[in-house]
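Notes follow the structure.
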Amino acid sequence: MLNIVIFGAPGSGKGTQSEKIIEKYGLFHISTGDVLRAEMKNGTELGKIAEGYISKGQLVPDDLIVDMLAKVLDMNEEAKRGVIFDGFPRTIPQAEALKKMLAERNTEVSAVIGLEVEEKELIDRLLKRGQVSGRSDDNLETIKSRLDVYHNQTTPLKDFYIKEKKYKKIHGMGSVDSIFDSIAKEIDNL
Ligand code: B4P
């Protein structure tokens with residue numbers, strides 16, 4: 001059973017490449033960003049709390065995210081055939097929680113696909129998306145704080161997964177299809 005984490009800065013192409021991975025490998029997709037945006041749209045208690053963090057470019061607290069993820073895993077039988085985790089984990093405590101949650105289900109992370117993209121390109125992509133997305137976090141000020149948060153809180157995860165021998169570095173610049181070819185090679189080698 002494959003459990004893939006897709007990892008990278010905001011704008012690195014996690015959502016875009018996840019769609020292609022699902023299409024080829026039939027994994028169940030969990031995007032914590034998409035789940036949070038659905039909660040916000042539905043005006044739930046969690047959505048109201050999340051909105052305050054997301055619009056400022058901050059991470060939603062770990063305990064809320066971990067509870068949310070456990071519920072998604074438990075509610076979806078399809079998750080038993082393998083999952084692509086998109087945007088989770090984003091902190092070391094989330095990575096530790098994921099390890100425990102998967103161990104309780106007799107499985108583990110198979111690989112972490114790390115999309116590495118230059119900062120200027122990240123900003124250009126997110127500003128471009130901001131022209132159509134209507135997302136409260138796709139504006140220059142919030143993008144800059146998302147990138148700061150990424151450098152301070154999320155990049156330490158790269159070393160965490162290098163130590164576990166799970167990190168697969170992918171050059172995330174170029175066409176969507178060429179990047180996907182590099183990802184598929186890594187997955188096919190697992
Ligand atoms: P996410 O929804 O995960 O947002 P993101 O990091 O910006 O990534 P996204 O998937 O949207 O962008 P992608 O790289 O696919 O999170 C939003 C917020 O929710 C976070 O800031 C945080 O507040 C909160 N949150 C989510 N998960 C959390 C967690 N685990 N813990 C705490 N808080 C959490 O693509 C970006 C753009 O690039 C797209 O427009 C795409 O079309 C374009 N693109 C992709 N590939 C390209 C390519 N090769 N060339 C040109 N453009 C490309």
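Numbering starts fresh at 1 for the residues of each chain in the structure tokens, the chains themselves are lettered A, B, ... in the order given, and ligands are numbered from 1 as they appear.
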Name the residues in contact with Gly8 of chain A at a cut-off of 7 Å, using only C-alpha atoms, excluding same-chain residues fewer than 5 positions from it; report them as a PyMOL selection string.
-> chain A and resi 14+114-116
Dump as a PDB file, in the first residue's frame, selection limited to N, CA and C atoms:
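Saved to out.pdb:
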```
ATOM      1  N   LYS A  14       1.955  21.366  -5.379  1.00  0.00           N
ATOM      2  CA  LYS A  14       1.482  20.178  -4.650  1.00  0.00           C
ATOM      3  C   LYS A  14       0.099  19.741  -5.149  1.00  0.00           C
ATOM      4  N   GLY A 114       9.436  15.804  -2.555  1.00  0.00           N
ATOM      5  CA  GLY A 114       9.747  17.198  -2.213  1.00  0.00           C
ATOM      6  C   GLY A 114       9.910  18.044  -3.467  1.00  0.00           C
ATOM      7  N   LEU A 115       8.933  18.913  -3.725  1.00  0.00           N
ATOM      8  CA  LEU A 115       8.984  19.771  -4.916  1.00  0.00           C
ATOM      9  C   LEU A 115       9.810  21.010  -4.598  1.00  0.00           C
ATOM     10  N   GLU A 116      10.955  21.170  -5.275  1.00  0.00           N
ATOM     11  CA  GLU A 116      11.841  22.290  -4.973  1.00  0.00           C
ATOM     12  C   GLU A 116      11.777  23.332  -6.096  1.00  0.00           C
TER      13      GLU A 116
END
```
Kindly provide the residues of chain A that approach ligand 1 to within 7 Å, each paired with its closest atom pair and their distance in Å to one decimal, based on only C-alpha atoms and all ligand atoms, listed by chain and increasing number, as a tab-separated table.
```
residue	atom	partner	partner_atom_place_in_ligand_line	distance
A:Ala9	CA	ligand 1	6 (O)	5.9
A:Pro10	CA	ligand 1	6 (O)	3.4
A:Gly11	CA	ligand 1	14 (O)	3.4
A:Ser12	CA	ligand 1	14 (O)	3.9
A:Gly13	CA	ligand 1	14 (O)	3.2
A:Lys14	CA	ligand 1	15 (O)	3.9
A:Gly15	CA	ligand 1	15 (O)	3.3
A:Thr16	CA	ligand 1	15 (O)	4.7
A:Ser31	CA	ligand 1	3 (O)	6.6
A:Thr32	CA	ligand 1	27 (N)	4.4
A:Gly33	CA	ligand 1	2 (O)	3.3
A:Asp34	CA	ligand 1	2 (O)	5.7
A:Leu36	CA	ligand 1	19 (O)	6.5
A:Tyr53	CA	ligand 1	23 (O)	5.7
A:Ile54	CA	ligand 1	23 (O)	3.9
A:Gly57	CA	ligand 1	21 (O)	5.1
A:Gln58	CA	ligand 1	23 (O)	4.9
A:Leu59	CA	ligand 1	33 (N)	3.7
A:Val60	CA	ligand 1	33 (N)	4.0
A:Pro61	CA	ligand 1	32 (C)	6.0
A:Asp62	CA	ligand 1	31 (N)	6.1
A:Ile65	CA	ligand 1	31 (N)	5.7
A:Asp86	CA	ligand 1	3 (O)	6.7
A:Gly87	CA	ligand 1	3 (O)	4.4
A:Phe88	CA	ligand 1	30 (N)	4.0
A:Pro89	CA	ligand 1	30 (N)	5.0
A:Arg90	CA	ligand 1	30 (N)	4.8
A:Arg125	CA	ligand 1	38 (O)	4.7
A:Leu126	CA	ligand 1	37 (C)	5.4
A:Lys128	CA	ligand 1	40 (O)	6.9
A:Arg129	CA	ligand 1	40 (O)	4.5
A:Arg146	CA	ligand 1	21 (O)	5.8
A:Gly172	CA	ligand 1	49 (N)	6.5
A:Met173	CA	ligand 1	49 (N)	5.6
A:Gly174	CA	ligand 1	49 (N)	5.2
A:Ser175	CA	ligand 1	49 (N)	4.7
A:Val176	CA	ligand 1	49 (N)	4.1
A:Ile179	CA	ligand 1	49 (N)	6.8
```
Which residue of A:Asp177, A:Asp124, A:Asp159, A:Glu23 approaches Val112 of chain A most closely, using only C-alpha atoms = A:Asp159
Using only C-alpha atoms, which of the listed residues (A:Ile92, A:Val149, A:Val35, A:Ile6) sits closest to Ile183 of chain A?
-> A:Ile6
So which one's closest to Gly82 of chain A, A:Met1, A:Ile162, A:Ala97, A:Ala50? Using only C-alpha atoms, please.
->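 Of A:Met1, A:Ile162, A:Ala97, A:Ala50, the one nearest Gly82 of chain A is A:Met1, counting only C-alpha atoms.
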